[in-house]
>>> print(open('work_18.txt').read())   # compact mmCIF, C-alpha atoms
# COMPACT_ATOMS: atom_id res chain seq x y z
CA MET A 1 -18.93 -6.12 18.22
CA ILE A 2 -18.71 -3.56 15.44
CA PRO A 3 -21.60 -4.00 12.99
CA LEU A 4 -20.51 -5.39 9.62
CA ASN A 5 -22.20 -2.52 7.82
CA TYR A 6 -19.72 -0.03 9.29
CA PHE A 7 -16.89 -1.72 7.46
CA VAL A 8 -18.86 -2.03 4.24
CA ILE A 9 -19.89 1.64 4.22
CA PHE A 10 -16.38 2.71 5.15
CA SER A 11 -14.91 0.82 2.24
CA ALA A 12 -17.59 2.18 -0.11
CA ILE A 13 -16.57 5.74 0.81
CA LEU A 14 -12.87 4.93 0.52
CA PHE A 15 -13.45 3.33 -2.88
CA SER A 16 -15.34 6.40 -4.11
CA ILE A 17 -12.57 8.74 -2.97
CA GLY A 18 -10.05 6.60 -4.82
CA MET A 19 -12.32 6.62 -7.87
CA TYR A 20 -12.46 10.41 -7.78
CA GLY A 21 -8.68 10.48 -7.58
CA VAL A 22 -8.28 8.19 -10.58
CA LEU A 23 -10.68 10.28 -12.65
CA ALA A 24 -9.47 13.73 -11.62
CA ARG A 25 -5.71 13.25 -11.22
CA ARG A 26 -3.45 13.79 -14.19
CA ASN A 27 -0.14 12.86 -12.58
CA ALA A 28 0.62 9.21 -13.29
CA ILE A 29 2.13 8.52 -9.86
CA LEU A 30 -0.79 10.11 -8.00
CA LEU A 31 -3.08 8.04 -10.20
CA LEU A 32 -1.36 4.87 -8.99
CA LEU A 33 -1.71 6.03 -5.37
CA SER A 34 -5.45 6.45 -5.92
CA VAL A 35 -5.65 2.97 -7.42
CA GLU A 36 -3.96 1.67 -4.26
CA LEU A 37 -6.64 3.36 -2.16
CA MET A 38 -9.34 1.58 -4.18
CA LEU A 39 -7.53 -1.76 -3.79
CA ASN A 40 -7.37 -1.23 -0.04
CA ALA A 41 -11.10 -0.53 0.11
CA VAL A 42 -11.75 -3.80 -1.67
CA ASN A 43 -9.38 -5.67 0.66
CA VAL A 44 -11.15 -4.31 3.76
CA ASN A 45 -14.43 -5.53 2.28
CA PHE A 46 -13.05 -9.01 1.64
CA VAL A 47 -11.64 -9.36 5.13
CA ALA A 48 -14.80 -8.00 6.80
CA PHE A 49 -17.13 -10.35 4.94
CA SER A 50 -14.81 -13.28 5.44
CA ARG A 51 -14.52 -12.70 9.18
CA TYR A 52 -18.19 -11.96 9.82
CA ILE A 53 -19.96 -14.43 7.55
CA THR A 54 -17.59 -17.40 7.42
CA PRO A 55 -15.32 -17.04 10.46
CA HIS A 56 -13.85 -20.52 10.17
CA THR A 57 -12.62 -20.40 6.59
CA ILE A 58 -10.06 -18.12 5.02
CA VAL A 59 -11.50 -17.84 1.50
CA GLY A 60 -11.90 -14.07 1.67
CA LEU A 61 -8.51 -13.67 3.28
CA MET A 62 -6.93 -15.64 0.42
CA TYR A 63 -8.39 -13.09 -1.98
CA THR A 64 -6.86 -10.34 0.12
CA ILE A 65 -3.46 -12.01 0.17
CA PHE A 66 -3.60 -12.44 -3.58
CA ALA A 67 -4.76 -8.85 -4.08
CA MET A 68 -1.88 -7.61 -1.93
CA ALA A 69 0.69 -9.60 -3.88
CA SER A 70 -0.74 -8.46 -7.20
CA GLY A 71 -0.95 -4.91 -5.86
CA ALA A 72 2.75 -5.04 -5.08
CA ALA A 73 3.49 -6.44 -8.55
CA GLU A 74 1.24 -3.77 -10.08
CA ILE A 75 3.08 -0.97 -8.30
CA GLY A 76 6.44 -2.39 -9.39
CA VAL A 77 5.55 -2.78 -13.05
CA GLY A 78 3.39 0.35 -13.20
CA LEU A 79 6.09 2.59 -11.80
CA ALA A 80 8.66 1.01 -14.13
CA ILE A 81 6.41 1.86 -17.08
CA ILE A 82 5.91 5.40 -15.76
CA VAL A 83 9.65 5.92 -15.34
CA THR A 84 10.33 4.53 -18.83
CA ILE A 85 7.72 6.82 -20.36
CA TYR A 86 9.11 9.75 -18.40
CA ARG A 87 12.59 9.14 -19.82
CA GLY A 88 11.20 9.11 -23.35
CA LYS A 89 8.63 11.89 -23.18
CA GLN A 90 9.72 14.01 -20.20
CA THR A 91 6.19 14.11 -18.80
CA LEU A 92 4.12 12.47 -16.12
CA ASN A 93 0.84 13.93 -17.34
CA VAL A 94 -1.36 11.07 -18.51
CA ASP A 95 -3.16 13.37 -20.95
CA GLU A 96 0.05 13.83 -22.87
CA ILE A 97 0.87 10.13 -22.93
CA ASP A 98 -1.21 9.19 -25.96
CA MET A 99 1.19 7.34 -28.23
CA LEU A 100 -1.17 4.39 -28.53
CA LYS A 101 -3.76 6.62 -30.20
CA TRP A 102 -1.69 7.12 -33.34
CA MET B 1 -25.74 2.32 17.51
CA THR B 2 -23.50 0.68 20.04
CA VAL B 3 -20.80 2.70 21.76
CA ASN B 4 -17.92 0.59 22.96
CA GLY B 5 -14.16 0.50 22.74
CA PRO B 6 -13.72 -1.25 19.40
CA THR B 7 -16.40 0.87 17.74
CA ILE B 8 -14.75 4.08 18.88
CA ALA B 9 -11.38 2.78 17.70
CA PHE B 10 -12.95 1.90 14.35
CA LEU B 11 -14.50 5.36 13.98
CA ILE B 12 -11.20 7.08 14.80
CA LEU B 13 -9.28 4.90 12.33
CA ALA B 14 -11.94 5.28 9.64
CA SER B 15 -12.04 9.06 9.90
CA LEU B 16 -8.23 9.16 9.87
CA ILE B 17 -8.07 7.02 6.73
CA LEU B 18 -10.86 8.86 4.93
CA SER B 19 -9.39 12.29 5.63
CA ALA B 20 -5.98 11.03 4.54
CA ALA B 21 -7.58 9.72 1.32
CA VAL B 22 -9.25 13.07 0.67
CA TYR B 23 -5.92 14.78 1.22
CA ILE B 24 -4.20 12.42 -1.23
CA VAL B 25 -6.69 13.09 -4.03
CA THR B 26 -6.68 16.87 -3.54
CA THR B 27 -3.15 17.91 -2.55
CA ARG B 28 -0.82 19.57 -5.01
CA ASN B 29 2.37 18.32 -3.38
CA ILE B 30 3.18 14.80 -4.50
CA MET B 31 5.69 14.14 -1.68
CA HIS B 32 3.06 14.97 0.93
CA ALA B 33 0.64 12.69 -0.90
CA VAL B 34 3.06 9.76 -0.65
CA PHE B 35 3.65 10.21 3.08
CA VAL B 36 -0.04 10.68 3.87
CA HIS B 37 -0.64 7.55 1.79
CA LEU B 38 1.74 5.74 4.12
CA LEU B 39 -0.32 6.95 7.08
CA ALA B 40 -3.56 5.76 5.46
CA LEU B 41 -2.11 2.33 4.65
CA SER B 42 -0.80 1.79 8.17
CA SER B 43 -4.17 2.78 9.61
CA VAL B 44 -5.88 0.23 7.38
CA SER B 45 -3.83 -2.40 9.17
CA GLY B 46 -5.50 -1.18 12.38
CA ILE B 47 -8.85 -1.90 10.74
CA TYR B 48 -7.65 -5.45 10.07
CA ILE B 49 -6.67 -5.79 13.72
CA LEU B 50 -10.22 -4.81 14.68
CA LEU B 51 -11.43 -7.56 12.33
CA TYR B 52 -9.28 -10.04 14.25
CA ALA B 53 -7.18 -10.79 11.18
CA GLN B 54 -3.66 -10.41 12.55
CA PHE B 55 -1.76 -11.89 9.66
CA ILE B 56 -3.47 -9.64 7.13
CA ALA B 57 -2.58 -6.66 9.30
CA ALA B 58 1.07 -7.73 9.37
CA MET B 59 1.04 -8.24 5.61
CA GLN B 60 -0.48 -4.78 5.19
CA VAL B 61 2.34 -3.17 7.15
CA LEU B 62 5.06 -5.26 5.47
CA ILE B 63 3.87 -5.08 1.89
CA TYR B 64 1.83 -1.92 1.51
CA ALA B 65 3.24 0.42 4.12
CA GLY B 66 6.79 -0.90 3.78
CA ALA B 67 7.48 -1.98 0.25
CA VAL B 68 4.95 -0.13 -1.87
CA THR B 69 5.70 3.27 -0.32
CA THR B 70 9.42 2.63 -0.80
CA MET B 71 8.82 1.86 -4.46
CA VAL B 72 6.82 5.04 -4.98
CA LEU B 73 9.56 7.11 -3.32
CA PHE B 74 12.16 5.45 -5.54
CA ALA B 75 10.13 6.25 -8.63
CA LEU B 76 9.85 9.86 -7.46
CA MET B 77 13.62 10.01 -7.16
CA LEU B 78 13.94 8.79 -10.74
CA VAL B 79 11.91 11.62 -12.22
CA LYS B 80 13.01 15.23 -12.19
CA PRO B 81 11.70 17.41 -9.36
CA LYS B 82 9.72 19.69 -11.63
CA ALA B 83 7.76 16.85 -13.17
CA GLY B 84 7.03 15.39 -9.78
CA MET B 85 5.94 18.67 -8.29
CA GLU B 86 3.88 19.82 -11.24
CA ILE B 87 0.30 20.81 -10.58
CA ALA B 88 -1.41 17.49 -10.77
CA LEU B 89 -5.07 18.26 -11.20
CA ASP B 90 -6.90 18.75 -14.43
CA ASN B 91 -9.59 21.25 -13.64
CA GLN B 92 -11.65 20.51 -16.72
CA GLN B 93 -12.36 17.00 -15.60
CA LYS B 94 -12.62 17.66 -11.89
CA GLY B 95 -16.36 18.38 -11.88
CA MET B 96 -17.19 15.34 -13.96
CA ALA B 97 -14.99 13.16 -11.78
CA PHE B 98 -16.65 14.48 -8.63
CA ALA B 99 -20.12 13.88 -10.10
CA THR B 100 -19.26 10.34 -11.18
CA ALA B 101 -17.74 9.37 -7.85
CA GLY B 102 -20.61 11.06 -5.99
CA VAL B 103 -23.30 9.25 -7.96
CA PHE B 104 -21.45 5.96 -7.51
CA LEU B 105 -21.16 6.51 -3.77
CA SER B 106 -24.78 7.54 -3.32
CA VAL B 107 -26.01 4.48 -5.21
CA LEU B 108 -23.82 2.30 -3.00
CA LEU B 109 -25.04 4.00 0.16
CA VAL B 110 -28.70 3.73 -0.83
CA VAL B 111 -28.22 0.01 -1.31
CA LEU B 112 -25.92 -0.67 1.63
CA VAL B 113 -27.22 1.40 4.53
CA PRO B 114 -30.55 -0.44 5.05
CA LYS B 115 -28.99 -3.83 4.24
CA VAL B 116 -28.91 -6.44 7.01
CA TRP B 117 -26.25 -9.06 6.42
CA ALA B 118 -26.63 -12.70 7.32
CA THR B 119 -23.64 -12.66 9.65
CA SER B 120 -22.53 -15.63 11.62
CA GLN B 121 -23.77 -15.45 15.18
CA GLU B 122 -20.57 -16.38 16.99
CA LYS B 123 -18.23 -13.88 18.50
CA LEU B 124 -15.12 -13.11 16.51
CA THR B 125 -12.04 -14.91 17.70
CA PRO B 126 -8.49 -14.00 16.73
CA LEU B 127 -7.35 -15.78 13.61
CA THR B 128 -3.83 -16.65 14.69
CA VAL B 129 -1.03 -16.89 12.18
CA ALA B 130 -0.73 -20.60 12.95
CA LYS B 131 -4.39 -21.24 12.15
CA PHE B 132 -4.09 -19.20 9.01
CA GLY B 133 -0.89 -20.92 7.94
CA LYS B 134 -2.37 -24.35 8.47
CA ILE B 135 -5.19 -23.70 6.03
CA LEU B 136 -2.93 -21.79 3.66
CA PHE B 137 -0.41 -24.62 3.34
CA THR B 138 -2.96 -27.40 3.00
CA LYS B 139 -6.05 -26.20 1.18
CA TYR B 140 -4.74 -23.18 -0.69
CA VAL B 141 -1.35 -24.37 -1.87
CA LEU B 142 -2.03 -23.64 -5.53
CA PRO B 143 -2.97 -19.97 -5.11
CA PHE B 144 0.04 -19.64 -2.85
CA GLU B 145 2.39 -20.98 -5.51
CA MET B 146 0.67 -18.83 -8.10
CA ILE B 147 1.68 -15.75 -6.12
CA SER B 148 5.33 -16.60 -6.68
CA VAL B 149 4.72 -17.03 -10.42
CA LEU B 150 2.97 -13.64 -10.47
CA LEU B 151 5.90 -12.00 -8.70
CA LEU B 152 8.36 -13.70 -11.07
CA VAL B 153 6.46 -12.31 -14.06
CA ALA B 154 6.49 -8.83 -12.55
CA LEU B 155 10.23 -9.05 -11.85
CA ILE B 156 11.05 -10.19 -15.39
CA GLY B 157 8.80 -7.51 -16.85
CA VAL B 158 10.59 -4.76 -14.94
CA LEU B 159 14.01 -6.16 -15.85
CA VAL B 160 13.07 -6.11 -19.53
CA LEU B 161 11.79 -2.53 -19.23
CA ALA B 162 14.90 -1.43 -17.34
CA SER B 163 17.33 -3.08 -19.74
CA LYS B 164 15.66 -1.36 -22.71
CA GLU B 165 16.40 1.79 -20.81
CA GLU B 166 20.12 1.09 -20.70
CA GLU B 167 20.55 0.77 -24.47
CA MET C 1 -12.66 -5.88 26.49
CA SER C 2 -11.05 -9.00 25.20
CA GLU C 3 -7.43 -9.82 25.90
CA TYR C 4 -6.68 -9.67 22.19
CA LEU C 5 -7.84 -6.10 21.73
CA SER C 6 -6.27 -4.81 24.94
CA ALA C 7 -2.96 -6.17 23.71
CA TYR C 8 -3.30 -4.05 20.61
CA LEU C 9 -4.40 -1.10 22.70
CA ASN C 10 -0.79 -0.98 23.89
CA VAL C 11 0.33 -0.70 20.27
CA ALA C 12 -2.14 2.12 19.67
CA MET C 13 -1.02 3.95 22.80
CA PHE C 14 2.60 3.54 21.77
CA ALA C 15 1.80 5.02 18.35
CA VAL C 16 -0.03 7.96 19.90
CA VAL C 17 2.81 8.63 22.37
CA ALA C 18 5.41 8.43 19.61
CA PHE C 19 3.39 10.81 17.46
CA CYS C 20 2.87 13.29 20.31
CA PHE C 21 6.55 13.13 21.28
CA VAL C 22 7.67 14.20 17.81
CA ALA C 23 4.86 16.75 17.47
CA ILE C 24 5.62 18.36 20.85
CA LEU C 25 9.38 18.51 20.27
CA LEU C 26 9.02 20.01 16.81
CA GLY C 27 6.19 22.29 17.92
CA VAL C 28 8.02 23.65 20.97
CA SER C 29 11.22 24.26 19.04
CA ALA C 30 9.22 25.96 16.26
CA VAL C 31 7.65 28.30 18.82
CA VAL C 32 10.73 29.00 20.94
CA ARG C 33 13.54 29.28 18.39
CA PRO C 34 14.54 32.68 17.02
CA LYS C 35 13.70 33.09 13.35
CA LYS C 36 16.60 34.73 11.53
CA GLU C 37 16.58 33.24 8.08
CA ASN C 38 19.17 33.95 5.49
CA PRO C 39 19.89 32.21 2.16
CA VAL C 40 22.89 30.30 3.48
CA LYS C 41 20.87 28.80 6.32
CA LEU C 42 18.14 27.60 3.96
CA GLU C 43 20.57 25.68 1.74
CA PRO C 44 20.55 21.88 1.89
CA TYR C 45 23.32 20.66 4.20
CA GLU C 46 26.22 19.08 2.40
CA CYS C 47 28.94 18.64 5.03
CA GLY C 48 29.66 22.34 5.05
CA MET C 49 30.54 22.61 1.37
CA VAL C 50 28.67 24.88 -0.97
CA PRO C 51 26.02 22.55 -2.47
CA PHE C 52 25.77 22.15 -6.22
CA GLY C 53 22.38 21.24 -7.64
CA GLY C 54 19.19 20.73 -5.64
CA ALA C 55 18.66 18.20 -2.89
CA TRP C 56 16.25 16.31 -5.12
CA SER C 57 18.43 15.24 -8.01
CA GLN C 58 17.70 12.58 -10.54
CA PHE C 59 18.94 9.12 -9.55
CA ASN C 60 20.20 6.33 -11.74
CA VAL C 61 17.61 3.90 -13.08
CA ARG C 62 19.66 1.01 -11.66
CA PHE C 63 18.36 1.86 -8.20
CA TYR C 64 14.88 0.98 -9.35
CA VAL C 65 15.81 -2.63 -10.11
CA PHE C 66 17.23 -3.02 -6.62
CA ALA C 67 14.08 -1.52 -5.12
CA LEU C 68 12.00 -3.97 -7.12
CA LEU C 69 14.10 -6.94 -5.98
CA PHE C 70 13.51 -5.72 -2.43
CA LEU C 71 9.76 -5.53 -3.07
CA ILE C 72 9.58 -9.06 -4.51
CA PHE C 73 11.56 -10.66 -1.72
CA ASP C 74 9.70 -8.62 0.88
CA VAL C 75 6.46 -10.21 -0.28
CA GLU C 76 8.17 -13.60 -0.20
CA ILE C 77 9.40 -13.11 3.36
CA ALA C 78 5.91 -12.13 4.50
CA PHE C 79 4.86 -15.67 3.61
CA LEU C 80 7.66 -17.25 5.60
CA TYR C 81 5.99 -16.20 8.88
CA PRO C 82 2.89 -18.44 8.64
CA TRP C 83 5.10 -21.19 7.28
CA ALA C 84 7.41 -20.98 10.28
CA THR C 85 4.45 -21.36 12.66
CA VAL C 86 3.11 -24.52 11.03
CA PHE C 87 6.32 -26.15 9.87
CA ARG C 88 6.49 -28.59 12.81
CA GLU C 89 2.90 -29.62 12.31
CA LEU C 90 2.85 -30.11 8.55
CA GLY C 91 6.41 -31.39 8.22
CA ILE C 92 8.07 -32.23 4.96
CA THR C 93 5.10 -31.34 2.72
CA SER C 94 5.16 -27.72 3.71
CA LEU C 95 8.93 -27.68 3.31
CA ILE C 96 8.54 -28.80 -0.30
CA GLU C 97 5.79 -26.25 -0.88
CA MET C 98 7.97 -23.47 0.45
CA LEU C 99 11.00 -24.64 -1.51
CA VAL C 100 8.97 -24.57 -4.73
CA PHE C 101 7.80 -21.05 -3.85
CA ILE C 102 11.33 -19.83 -3.18
CA PHE C 103 12.75 -21.66 -6.20
CA ILE C 104 10.34 -19.90 -8.57
CA LEU C 105 11.38 -16.53 -7.17
CA LEU C 106 15.06 -17.50 -7.29
CA LEU C 107 14.62 -18.05 -11.03
CA GLY C 108 13.88 -14.34 -11.24
CA LEU C 109 17.01 -13.51 -9.26
CA VAL C 110 19.10 -15.77 -11.50
CA TYR C 111 17.63 -14.05 -14.55
CA ALA C 112 18.53 -10.66 -13.10
CA TRP C 113 22.03 -11.89 -12.36
CA LYS C 114 22.52 -13.27 -15.87
CA LYS C 115 21.26 -10.01 -17.35
CA GLY C 116 23.92 -8.21 -15.40
CA VAL C 117 21.66 -5.75 -13.59
CA LEU C 118 23.18 -6.65 -10.25
CA LYS C 119 26.62 -5.49 -11.38
CA TRP C 120 27.48 -1.94 -10.46
CA VAL C 121 29.48 -0.37 -13.26
>>> encode(input="work_18.txt", output="structure tokens")
Amino acid sequence: MIPLNYFVIFSAILFSIGMYGVLARRNAILLLLSVELMLNAVNVNFVAFSRYITPHTIVGLMYTIFAMASGAAEIGVGLAIIVTIYRGKQTLNVDEIDMLKW
Amino acid sequence: MTVNGPTIAFLILASLILSAAVYIVTTRNIMHAVFVHLLALSSVSGIYILLYAQFIAAMQVLIYAGAVTTMVLFALMLVKPKAGMEIALDNQQKGMAFATAGVFLSVLLVVLVPKVWATSQEKLTPLTVAKFGKILFTKYVLPFEMISVLLLVALIGVLVLASKEEE
Amino acid sequence: MSEYLSAYLNVAMFAVVAFCFVAILLGVSAVVRPKKENPVKLEPYECGMVPFGGAWSQFNVRFYVFALLFLIFDVEIAFLYPWATVFRELGITSLIEMLVFIFILLLGLVYAWKKGVLKWV
């Protein structure tokens, strides 16, 4: 059996890579892709803990299911917002999208 | 360290996903990023298979690899090529971002590597879709119904955004 | 190795074979083919006509709404699988649960219909 720590460390690394992407990327769509990577890292963690510590319940898996559904909703709404902003401002650079600051 | 089939499969999948992730956060071509993202997401479903969670793996392929990638490609079609292909990195913030993520990761590793988890002693058995469904439709009905409300809200939100567009 | 994992080993082998098949075909043809590029050859193919505009043109926003409807109902259909496996066991209760789930999502479809986004003008 694969030790639980392998999964946990794997998802820690994946989460950090996604975090770097969110902080360093300036293209709104690439930013969303990085967020998806982070979400996946969290999901792997949930499933691993759920399967290894409480194999007979599905509590952790429920979280994963919910996170997947909200991830899908997030991508749908997020991309709609990005497309709307793009039509108004002709840019995908999040540094230039600062209307809320004024 | 134990060397057996599943562990080797895990290591192959993990290195595939991590290198794909590194490619996504460093590439300058957004189309390549989307397709490599698809590869990473499908490989994550292999990780779920190794965790004996079949239904989650199927959901991963259906929702993430299938639908989410399609959505991102659609959004790319809706913006002009130049904006999509523009150089995506901000070099001023790159160093800071790398430092932050690095510090975060090293803190996590320092905590996690020596940790011994109180895992259950039994061997993992496949969680069949039937077993999963039985618990889902008895104990977790409310979260299940909430998912549909969440999706409804997302749908209405996008319709409102899109209809503003038309005016 | 357990029966479960060896079943998925087939899937993994299939994926590897499929990947290698494409890689070998593309790789061999890339090595063997003569490289005589000219501007006409590099143009996007448009049934033999001279193409106008790039291959990556801007699409209508209406497509996005259809993609989103696909996404929403894709998530819904993913939940029909576990329901189908336990329907016999749980009977009418699970039917009602699923009908409520589908009904809530149908409200969204009805809203989209009423708003007229499904019409192609």
>>> residues_near_point(input="work_18.txt", point="(3.3, -23.0, -6.9)", cutoff="12 Å", atoms="only C-alpha atoms", output="JSON, numbers by chain")
{"B": [137, 140, 141, 142, 143, 144, 145, 146, 147, 148, 149, 150, 151, 152], "C": [94, 96, 97, 98, 99, 100, 101, 102, 103, 104, 105]}
>>> axis_aligned_box(input="work_18.txt", around="segment 60-74 of chain A", padding_each_side="3 Å", output="lines of an AutoDock Vina configuration file")
center_x = -4.2
center_y = -9.7
center_z = -3.4
size_x = 21.4
size_y = 17.9
size_z = 19.4
>>> interface_residues(input="work_18.txt", of="chain B", to="chain A", cutoff="6 Å", atoms="all atoms listed in the file", output="number ranges by chain")
B: 7, 25, 88-89, 93-94, 97-98, 101, 105, 119-120, 154, 158
>>> write_last_selection(input="work_18.txt", atoms="C-alpha atoms", output="CSV table (one decimal), in the frame of the given file")
chain,number,residue,atom,x,y,z
B,7,THR,CA,-16.4,0.9,17.7
B,25,VAL,CA,-6.7,13.1,-4.0
B,88,ALA,CA,-1.4,17.5,-10.8
B,89,LEU,CA,-5.1,18.3,-11.2
B,93,GLN,CA,-12.4,17.0,-15.6
B,94,LYS,CA,-12.6,17.7,-11.9
B,97,ALA,CA,-15.0,13.2,-11.8
B,98,PHE,CA,-16.6,14.5,-8.6
B,101,ALA,CA,-17.7,9.4,-7.8
B,105,LEU,CA,-21.2,6.5,-3.8
B,119,THR,CA,-23.6,-12.7,9.6
B,120,SER,CA,-22.5,-15.6,11.6
B,154,ALA,CA,6.5,-8.8,-12.6
B,158,VAL,CA,10.6,-4.8,-14.9
>>> atom_distance(input="work_18.txt", atom1="atom CA of Val75 of chain C", atom2="atom CA of Ser6 of chain C")
28.8 Å
>>> closest_residue(input="work_18.txt", among="C:Val32, C:Leu106, C:Ala78, C:Ile92", to="Phe55 of chain B", atoms="all atoms listed in the file")
C:Ala78
>>> closest_atom_pairs(input="work_18.txt", of="chain C", to="chain B", cutoff="7 Å", atoms="all atoms listed in the file", output="tab-separated table")
residue	atom	partner	partner_atom	distance
C:Trp56	CA	B:Pro81	CA	6.3
C:Ser57	CA	B:Lys80	CA	6.8
C:Gln58	CA	B:Leu78	CA	5.3
C:Phe59	CA	B:Leu78	CA	5.2
C:Asn60	CA	B:Leu78	CA	6.8
C:Val61	CA	B:Leu78	CA	6.5
C:Tyr64	CA	B:Phe74	CA	6.5
C:Val65	CA	B:Leu159	CA	7.0
C:Ala67	CA	B:Met71	CA	6.3
C:Leu71	CA	B:Ala67	CA	5.4
C:Ile72	CA	B:Leu151	CA	6.3
C:Asp74	CA	B:Ile63	CA	6.9
C:Val75	CA	B:Ile63	CA	6.1
C:Ala78	CA	B:Met59	CA	6.3
C:Pro82	CA	B:Gly133	CA	4.6
C:Trp83	CA	B:Gly133	CA	6.0
C:Thr85	CA	B:Ala130	CA	5.2
C:Val86	CA	B:Ala130	CA	5.8
C:Ser94	CA	B:Phe137	CA	6.4
C:Phe101	CA	B:Glu145	CA	5.7
C:Ile104	CA	B:Ser148	CA	6.3
C:Leu105	CA	B:Leu152	CA	5.7
C:Gly108	CA	B:Leu152	CA	5.6
C:Ala112	CA	B:Leu159	CA	6.9
>>> closest_residue(input="work_18.txt", among="C:Val110, C:Val31, C:Leu5, C:Leu25", to="chain A", atoms="only C-alpha atoms")
C:Leu5
>>> atom_distance(input="work_18.txt", atom1="atom CA of Val11 of chain C", atom2="atom CA of His32 of chain B")
25.0 Å
>>> atom_distance(input="work_18.txt", atom1="atom CA of Ala57 of chain B", atom2="atom CA of Ser42 of chain B")
8.7 Å
>>> closest_residue(input="work_18.txt", among="C:Leu95, C:Ile77, C:Ile24, C:Val16", to="chain A", atoms="all atoms listed in the file")
C:Ile77
>>> closest_residue(input="work_18.txt", among="C:Glu3, C:Ala84, C:Ala12, C:Lys36", to="Ile47 of chain B", atoms="only C-alpha atoms")
C:Ala12
>>> closest_residue(input="work_18.txt", among="C:Arg62, C:Lys41, C:Lys35, C:Lys119", to="chain A", atoms="all atoms listed in the file")
C:Arg62
>>> closest_residue(input="work_18.txt", among="C:Val17, C:Met49, C:Leu68, C:Ala23", to="chain A", atoms="all atoms listed in the file")
C:Leu68
>>> build_atoms(input="work_18.txt", residues="segment 34-50 of chain C", atoms="N, CA and C atoms", output="compact mmCIF listing (two decimals), in the coordinates of the input")
# COMPACT_ATOMS: atom_id res chain seq x y z
N PRO C 34 14.55 31.40 17.72
CA PRO C 34 14.54 32.68 17.02
C PRO C 34 14.53 32.46 15.50
N LYS C 35 13.79 33.27 14.81
CA LYS C 35 13.70 33.09 13.35
C LYS C 35 14.52 34.16 12.65
N LYS C 36 15.77 33.80 12.31
CA LYS C 36 16.60 34.73 11.53
C LYS C 36 17.05 33.97 10.30
N GLU C 37 16.24 34.03 9.27
CA GLU C 37 16.58 33.24 8.08
C GLU C 37 17.46 34.04 7.16
N ASN C 38 18.44 33.34 6.59
CA ASN C 38 19.17 33.95 5.49
C ASN C 38 19.46 32.85 4.47
N PRO C 39 19.79 33.21 3.23
CA PRO C 39 19.89 32.21 2.16
C PRO C 39 20.84 31.08 2.49
N VAL C 40 21.92 31.36 3.19
CA VAL C 40 22.89 30.30 3.48
C VAL C 40 22.28 29.26 4.42
N LYS C 41 21.49 29.73 5.38
CA LYS C 41 20.87 28.80 6.32
C LYS C 41 19.86 27.89 5.64
N LEU C 42 19.21 28.39 4.60
CA LEU C 42 18.14 27.60 3.96
C LEU C 42 18.68 26.61 2.94
N GLU C 43 20.00 26.63 2.70
CA GLU C 43 20.57 25.68 1.74
C GLU C 43 20.54 24.26 2.29
N PRO C 44 20.41 23.26 1.41
CA PRO C 44 20.55 21.88 1.89
C PRO C 44 21.94 21.64 2.44
N TYR C 45 22.04 20.88 3.52
CA TYR C 45 23.32 20.66 4.20
C TYR C 45 24.16 19.65 3.44
N GLU C 46 25.36 20.02 3.11
CA GLU C 46 26.22 19.08 2.40
C GLU C 46 27.61 19.10 3.04
N CYS C 47 27.68 18.71 4.29
CA CYS C 47 28.94 18.64 5.03
C CYS C 47 29.69 19.95 5.00
N GLY C 48 28.99 21.06 4.95
CA GLY C 48 29.66 22.34 5.05
C GLY C 48 30.14 22.90 3.73
N MET C 49 30.11 22.08 2.67
CA MET C 49 30.54 22.61 1.37
C MET C 49 29.39 23.38 0.73
N VAL C 50 29.72 24.18 -0.23
CA VAL C 50 28.67 24.88 -0.97
C VAL C 50 27.98 23.84 -1.87
